[in-house]
Structures are given as C-alpha cells and as structure tokens.
Amino acid sequence: MNRITNINLKHKPRFKIMPVTNTKIAIGYTRLSDRAATGDETSLERQEAEIRSWCERNGLTLVQVYSDVGKSGRKLKRAGLNAAVSECVLRGAVLVSHAFDRIARNRKVLDRLKSERVVFRCLDLPEMNETLLPIVQCMAEIYSRQLSDKMRAY
C-alpha cells in the first residue's frame, strides 16, 4: 500500500469550515417568540442549560447569556441579539445558540454576523460550514415565509 506523504495542491480547497477561533470564551443567546405562551417552544432556562452544557463539553467559558422574549427571528432589531453580537466582537467570543432559528430566520441577520466576523455555533447544526451557510440562509427565508403565511391564515 502506497502512502502519500506530501501533496502539492495548486488551488486552495473549495470547502472551508466556519472560521475557527482560538478563544475560550462564549456568549450565549436564547430567544422566545410570541408562541412561547402556547408552549410550542423550548424555555429560556432549557436553552441556557443546553448552551452551558455544550460550552463545558467543548472547553469554553460561558461569560454571558443574552435573551429576547416575544421577538421574532425575522426581526433585525432585537436588543438581546444586538448586545450578544457586540459582546462577541468586543471579546472575540463565540456566539452559541440552542438552535439556528433562535438566531435568524432572516438573511440580513446572518449577513451581519458574517460581515462582523462573528463565529457562531448552533447546537442543532453542529456541522455548519461556509458551504452550507447560504443554503441554510435560503431555508431560513423559506421557513419564515411559510410561517408568516400560516400565521396570517390562522
């Protein structure tokens, strides 16, 4: 069996993993929308507990958890998310959320994270990478439109 020890690549690999950070600091973000009253969503306490557990397993120190209650994932103006993103930029921390839809159901939110170089991890999508992100952004917008249509019909 031949073993290749040195490979000379002419081009950089097309598929990149989301930026890796050397930080050991994490900022958590939790959110409950208007549906929280119906019991359709995971509580803030449960979201935070799962974020804390993930950070401990991955050697990160969770220094702060920001929350928004009664806010849609489609909205750009969310005080908790804005504070969490600002804190991540300031500290060079990783933004950690219980689920992708807690952070964004809007492409503009994800574009902001990308432009500010905020590394984020969503516990329901641990294999997120730069190749997958545009697809997930499109899926988030489709889901958001479907949800809006259902709410209008209701």
# chains A, B, ... in the order shown; residues from 1 in each chain; ligands from 1
$ residues_around --residues "Pro126 of chain A" --least-positions-apart "2" --cutoff "12 Å" --atoms "only C-alpha atoms" --output "MDAnalysis selection string"
chainID A and resid 17:18 54 58 96:100 120:124 128:129 132:133
$ closest_atom_pairs --of "segment 17-118 of chain A" --to "segment 136-141 of chain A" --cutoff "9 Å" --atoms "only C-alpha atoms" --output "Markdown table"
| residue | atom | partner | partner_atom | distance |
| --- | --- | --- | --- | --- |
| A:Arg74 | CA | A:Glu141 | CA | 8.6 |
| A:Phe100 | CA | A:Ala140 | CA | 8.9 |
| A:Asp101 | CA | A:Ala140 | CA | 7.5 |
| A:Ala104 | CA | A:Ala140 | CA | 7.3 |
| A:Arg105 | CA | A:Ala140 | CA | 4.7 |
| A:Asn106 | CA | A:Glu141 | CA | 5.7 |
| A:Arg107 | CA | A:Gln137 | CA | 5.5 |
| A:Leu110 | CA | A:Gln137 | CA | 7.3 |
$ closest_residue --among "A:Cys55, A:Leu113, A:Leu32, A:Val118" --to "Gly80 of chain A" --atoms "only C-alpha atoms"
A:Leu32
$ residues_around --residues "Ala26 of chain A" --least-positions-apart "4" --cutoff "7 Å" --atoms "only C-alpha atoms" --output "ChimeraX atom specification"
/A:60-63,93-96
$ closest_residue --among "A:Gln47, A:Ser33, A:Ser53, A:Thr42" --to "Lys71 of chain A" --atoms "only C-alpha atoms"
A:Ser33
$ closest_residue --among "A:Glu116, A:Asp149, A:Glu56, A:Glu45" --to "Ser86 of chain A" --atoms "only C-alpha atoms"
A:Glu116
$ atom_distance --atom1 "atom CA of Val119 of chain A" --atom2 "atom CA of Arg46 of chain A"
22.5 Å
$ select_by_dssp --residues "segment 31-97 of chain A" --states "strand (DSSP E)" --output "ChimeraX atom specification"
/A:31-32,61-69,94-97
$ closest_residue --among "A:Asp68, A:Met151, A:Arg117, A:Glu50" --to "Arg102 of chain A" --atoms "only C-alpha atoms"
A:Asp68
$ atom_distance --atom1 "atom CA of Lys75 of chain A" --atom2 "atom CA of Ile103 of chain A"
10.0 Å
$ residues_around --residues "Ala79 of chain A" --least-positions-apart "5" --cutoff "12 Å" --atoms "only C-alpha atoms" --output "ChimeraX atom specification"
/A:29-31,66-72,84-86
$ closest_residue --among "A:Arg78, A:Arg91, A:Arg152, A:Lys108" --to "Ile25 of chain A" --atoms "only C-alpha atoms"
A:Arg91
$ decode --residues "segment 71-107 of chain A" --atoms "N, CA, C and O atoms" --output "PDB file, in the first residue's frame"
ATOM      1  N   LYS A  71     -39.900  38.164  20.657  1.00  0.00           N
ATOM      2  CA  LYS A  71     -39.333  38.714  19.426  1.00  0.00           C
ATOM      3  C   LYS A  71     -39.248  37.626  18.361  1.00  0.00           C
ATOM      4  O   LYS A  71     -38.873  36.504  18.643  1.00  0.00           O
ATOM      5  N   SER A  72     -39.543  37.991  17.147  1.00  0.00           N
ATOM      6  CA  SER A  72     -39.460  37.075  16.025  1.00  0.00           C
ATOM      7  C   SER A  72     -38.024  36.959  15.550  1.00  0.00           C
ATOM      8  O   SER A  72     -37.255  37.923  15.620  1.00  0.00           O
ATOM      9  N   GLY A  73     -37.669  35.797  15.039  1.00  0.00           N
ATOM     10  CA  GLY A  73     -36.346  35.581  14.473  1.00  0.00           C
ATOM     11  C   GLY A  73     -36.144  36.310  13.160  1.00  0.00           C
ATOM     12  O   GLY A  73     -35.048  36.385  12.641  1.00  0.00           O
ATOM     13  N   ARG A  74     -37.229  36.864  12.608  1.00  0.00           N
ATOM     14  CA  ARG A  74     -37.136  37.634  11.375  1.00  0.00           C
ATOM     15  C   ARG A  74     -36.729  39.081  11.624  1.00  0.00           C
ATOM     16  O   ARG A  74     -36.288  39.760  10.719  1.00  0.00           O
ATOM     17  N   LYS A  75     -36.902  39.538  12.843  1.00  0.00           N
ATOM     18  CA  LYS A  75     -36.630  40.939  13.167  1.00  0.00           C
ATOM     19  C   LYS A  75     -35.140  41.196  13.342  1.00  0.00           C
ATOM     20  O   LYS A  75     -34.436  40.422  13.975  1.00  0.00           O
ATOM     21  N   LEU A  76     -34.683  42.307  12.798  1.00  0.00           N
ATOM     22  CA  LEU A  76     -33.290  42.712  12.972  1.00  0.00           C
ATOM     23  C   LEU A  76     -33.090  43.415  14.308  1.00  0.00           C
ATOM     24  O   LEU A  76     -32.018  43.334  14.895  1.00  0.00           O
ATOM     25  N   LYS A  77     -34.108  44.106  14.753  1.00  0.00           N
ATOM     26  CA  LYS A  77     -33.996  44.883  15.990  1.00  0.00           C
ATOM     27  C   LYS A  77     -34.384  44.017  17.180  1.00  0.00           C
ATOM     28  O   LYS A  77     -35.547  43.931  17.557  1.00  0.00           O
ATOM     29  N   ARG A  78     -33.362  43.363  17.738  1.00  0.00           N
ATOM     30  CA  ARG A  78     -33.538  42.565  18.944  1.00  0.00           C
ATOM     31  C   ARG A  78     -32.417  42.960  19.892  1.00  0.00           C
ATOM     32  O   ARG A  78     -31.238  42.721  19.604  1.00  0.00           O
ATOM     33  N   ALA A  79     -32.783  43.557  20.999  1.00  0.00           N
ATOM     34  CA  ALA A  79     -31.787  44.086  21.941  1.00  0.00           C
ATOM     35  C   ALA A  79     -30.832  43.002  22.424  1.00  0.00           C
ATOM     36  O   ALA A  79     -29.623  43.224  22.501  1.00  0.00           O
ATOM     37  N   GLY A  80     -31.356  41.833  22.761  1.00  0.00           N
ATOM     38  CA  GLY A  80     -30.512  40.750  23.262  1.00  0.00           C
ATOM     39  C   GLY A  80     -29.512  40.269  22.228  1.00  0.00           C
ATOM     40  O   GLY A  80     -28.324  40.093  22.521  1.00  0.00           O
ATOM     41  N   LEU A  81     -29.963  40.062  20.991  1.00  0.00           N
ATOM     42  CA  LEU A  81     -29.067  39.605  19.934  1.00  0.00           C
ATOM     43  C   LEU A  81     -28.024  40.669  19.610  1.00  0.00           C
ATOM     44  O   LEU A  81     -26.843  40.365  19.450  1.00  0.00           O
ATOM     45  N   ASN A  82     -28.466  41.922  19.527  1.00  0.00           N
ATOM     46  CA  ASN A  82     -27.521  43.001  19.227  1.00  0.00           C
ATOM     47  C   ASN A  82     -26.445  43.106  20.300  1.00  0.00           C
ATOM     48  O   ASN A  82     -25.264  43.288  19.997  1.00  0.00           O
ATOM     49  N   ALA A  83     -26.845  42.972  21.561  1.00  0.00           N
ATOM     50  CA  ALA A  83     -25.871  43.015  22.660  1.00  0.00           C
ATOM     51  C   ALA A  83     -24.925  41.812  22.592  1.00  0.00           C
ATOM     52  O   ALA A  83     -23.719  41.958  22.813  1.00  0.00           O
ATOM     53  N   ALA A  84     -25.468  40.643  22.273  1.00  0.00           N
ATOM     54  CA  ALA A  84     -24.642  39.432  22.184  1.00  0.00           C
ATOM     55  C   ALA A  84     -23.613  39.557  21.060  1.00  0.00           C
ATOM     56  O   ALA A  84     -22.439  39.228  21.245  1.00  0.00           O
ATOM     57  N   VAL A  85     -24.044  40.056  19.907  1.00  0.00           N
ATOM     58  CA  VAL A  85     -23.126  40.224  18.776  1.00  0.00           C
ATOM     59  C   VAL A  85     -22.049  41.246  19.122  1.00  0.00           C
ATOM     60  O   VAL A  85     -20.865  41.021  18.875  1.00  0.00           O
ATOM     61  N   SER A  86     -22.446  42.363  19.722  1.00  0.00           N
ATOM     62  CA  SER A  86     -21.473  43.391  20.113  1.00  0.00           C
ATOM     63  C   SER A  86     -20.454  42.837  21.096  1.00  0.00           C
ATOM     64  O   SER A  86     -19.256  43.109  20.992  1.00  0.00           O
ATOM     65  N   GLU A  87     -20.928  42.048  22.049  1.00  0.00           N
ATOM     66  CA  GLU A  87     -20.041  41.432  23.044  1.00  0.00           C
ATOM     67  C   GLU A  87     -19.069  40.452  22.383  1.00  0.00           C
ATOM     68  O   GLU A  87     -17.895  40.399  22.731  1.00  0.00           O
ATOM     69  N   CYS A  88     -19.562  39.687  21.425  1.00  0.00           N
ATOM     70  CA  CYS A  88     -18.694  38.745  20.702  1.00  0.00           C
ATOM     71  C   CYS A  88     -17.608  39.485  19.938  1.00  0.00           C
ATOM     72  O   CYS A  88     -16.445  39.071  19.940  1.00  0.00           O
ATOM     73  N   VAL A  89     -17.973  40.579  19.286  1.00  0.00           N
ATOM     74  CA  VAL A  89     -16.996  41.367  18.537  1.00  0.00           C
ATOM     75  C   VAL A  89     -15.966  41.956  19.495  1.00  0.00           C
ATOM     76  O   VAL A  89     -14.759  41.894  19.246  1.00  0.00           O
ATOM     77  N   LEU A  90     -16.435  42.499  20.599  1.00  0.00           N
ATOM     78  CA  LEU A  90     -15.550  43.126  21.582  1.00  0.00           C
ATOM     79  C   LEU A  90     -14.569  42.133  22.198  1.00  0.00           C
ATOM     80  O   LEU A  90     -13.385  42.406  22.328  1.00  0.00           O
ATOM     81  N   ARG A  91     -15.061  40.948  22.561  1.00  0.00           N
ATOM     82  CA  ARG A  91     -14.247  39.952  23.256  1.00  0.00           C
ATOM     83  C   ARG A  91     -13.610  38.906  22.344  1.00  0.00           C
ATOM     84  O   ARG A  91     -12.807  38.106  22.782  1.00  0.00           O
ATOM     85  N   GLY A  92     -14.041  38.882  21.090  1.00  0.00           N
ATOM     86  CA  GLY A  92     -13.571  37.821  20.200  1.00  0.00           C
ATOM     87  C   GLY A  92     -14.136  36.480  20.608  1.00  0.00           C
ATOM     88  O   GLY A  92     -13.481  35.450  20.497  1.00  0.00           O
ATOM     89  N   ALA A  93     -15.368  36.486  21.094  1.00  0.00           N
ATOM     90  CA  ALA A  93     -16.010  35.287  21.629  1.00  0.00           C
ATOM     91  C   ALA A  93     -16.836  34.571  20.557  1.00  0.00           C
ATOM     92  O   ALA A  93     -17.161  35.134  19.513  1.00  0.00           O
ATOM     93  N   VAL A  94     -17.185  33.340  20.849  1.00  0.00           N
ATOM     94  CA  VAL A  94     -18.063  32.539  20.001  1.00  0.00           C
ATOM     95  C   VAL A  94     -19.497  32.759  20.466  1.00  0.00           C
ATOM     96  O   VAL A  94     -19.785  32.708  21.662  1.00  0.00           O
ATOM     97  N   LEU A  95     -20.404  33.004  19.528  1.00  0.00           N
ATOM     98  CA  LEU A  95     -21.824  33.135  19.834  1.00  0.00           C
ATOM     99  C   LEU A  95     -22.435  31.739  19.773  1.00  0.00           C
ATOM    100  O   LEU A  95     -22.315  31.047  18.763  1.00  0.00           O
ATOM    101  N   VAL A  96     -23.072  31.313  20.858  1.00  0.00           N
ATOM    102  CA  VAL A  96     -23.637  29.968  20.929  1.00  0.00           C
ATOM    103  C   VAL A  96     -25.139  30.070  21.166  1.00  0.00           C
ATOM    104  O   VAL A  96     -25.588  30.774  22.067  1.00  0.00           O
ATOM    105  N   SER A  97     -25.884  29.344  20.335  1.00  0.00           N
ATOM    106  CA  SER A  97     -27.337  29.336  20.452  1.00  0.00           C
ATOM    107  C   SER A  97     -27.843  27.899  20.477  1.00  0.00           C
ATOM    108  O   SER A  97     -27.234  27.001  19.889  1.00  0.00           O
ATOM    109  N   HIS A  98     -28.965  27.715  21.132  1.00  0.00           N
ATOM    110  CA  HIS A  98     -29.608  26.411  21.237  1.00  0.00           C
ATOM    111  C   HIS A  98     -29.987  25.870  19.864  1.00  0.00           C
ATOM    112  O   HIS A  98     -29.829  24.687  19.575  1.00  0.00           O
ATOM    113  N   ALA A  99     -30.484  26.746  18.993  1.00  0.00           N
ATOM    114  CA  ALA A  99     -30.929  26.330  17.668  1.00  0.00           C
ATOM    115  C   ALA A  99     -30.720  27.463  16.674  1.00  0.00           C
ATOM    116  O   ALA A  99     -30.745  28.638  17.044  1.00  0.00           O
ATOM    117  N   PHE A 100     -30.533  27.089  15.430  1.00  0.00           N
ATOM    118  CA  PHE A 100     -30.301  28.069  14.382  1.00  0.00           C
ATOM    119  C   PHE A 100     -31.432  29.079  14.284  1.00  0.00           C
ATOM    120  O   PHE A 100     -31.204  30.278  14.136  1.00  0.00           O
ATOM    121  N   ASP A 101     -32.669  28.613  14.397  1.00  0.00           N
ATOM    122  CA  ASP A 101     -33.798  29.532  14.254  1.00  0.00           C
ATOM    123  C   ASP A 101     -33.926  30.508  15.419  1.00  0.00           C
ATOM    124  O   ASP A 101     -34.664  31.478  15.340  1.00  0.00           O
ATOM    125  N   ARG A 102     -33.216  30.276  16.509  1.00  0.00           N
ATOM    126  CA  ARG A 102     -33.203  31.248  17.602  1.00  0.00           C
ATOM    127  C   ARG A 102     -32.421  32.487  17.187  1.00  0.00           C
ATOM    128  O   ARG A 102     -32.758  33.591  17.577  1.00  0.00           O
ATOM    129  N   ILE A 103     -31.378  32.302  16.379  1.00  0.00           N
ATOM    130  CA  ILE A 103     -30.574  33.433  15.916  1.00  0.00           C
ATOM    131  C   ILE A 103     -31.242  34.128  14.739  1.00  0.00           C
ATOM    132  O   ILE A 103     -31.400  35.336  14.734  1.00  0.00           O
ATOM    133  N   ALA A 104     -31.613  33.369  13.725  1.00  0.00           N
ATOM    134  CA  ALA A 104     -32.067  34.027  12.499  1.00  0.00           C
ATOM    135  C   ALA A 104     -33.064  33.227  11.702  1.00  0.00           C
ATOM    136  O   ALA A 104     -32.929  32.023  11.559  1.00  0.00           O
ATOM    137  N   ARG A 105     -34.016  33.952  11.188  1.00  0.00           N
ATOM    138  CA  ARG A 105     -34.904  33.461  10.144  1.00  0.00           C
ATOM    139  C   ARG A 105     -34.888  34.495   9.027  1.00  0.00           C
ATOM    140  O   ARG A 105     -35.839  34.627   8.278  1.00  0.00           O
ATOM    141  N   ASN A 106     -33.801  35.245   8.992  1.00  0.00           N
ATOM    142  CA  ASN A 106     -33.673  36.350   8.069  1.00  0.00           C
ATOM    143  C   ASN A 106     -32.234  36.405   7.588  1.00  0.00           C
ATOM    144  O   ASN A 106     -31.306  36.401   8.395  1.00  0.00           O
ATOM    145  N   ARG A 107     -32.050  36.485   6.290  1.00  0.00           N
ATOM    146  CA  ARG A 107     -30.714  36.501   5.700  1.00  0.00           C
ATOM    147  C   ARG A 107     -29.885  37.690   6.188  1.00  0.00           C
ATOM    148  O   ARG A 107     -28.676  37.599   6.341  1.00  0.00           O
TER     149      ARG A 107
END
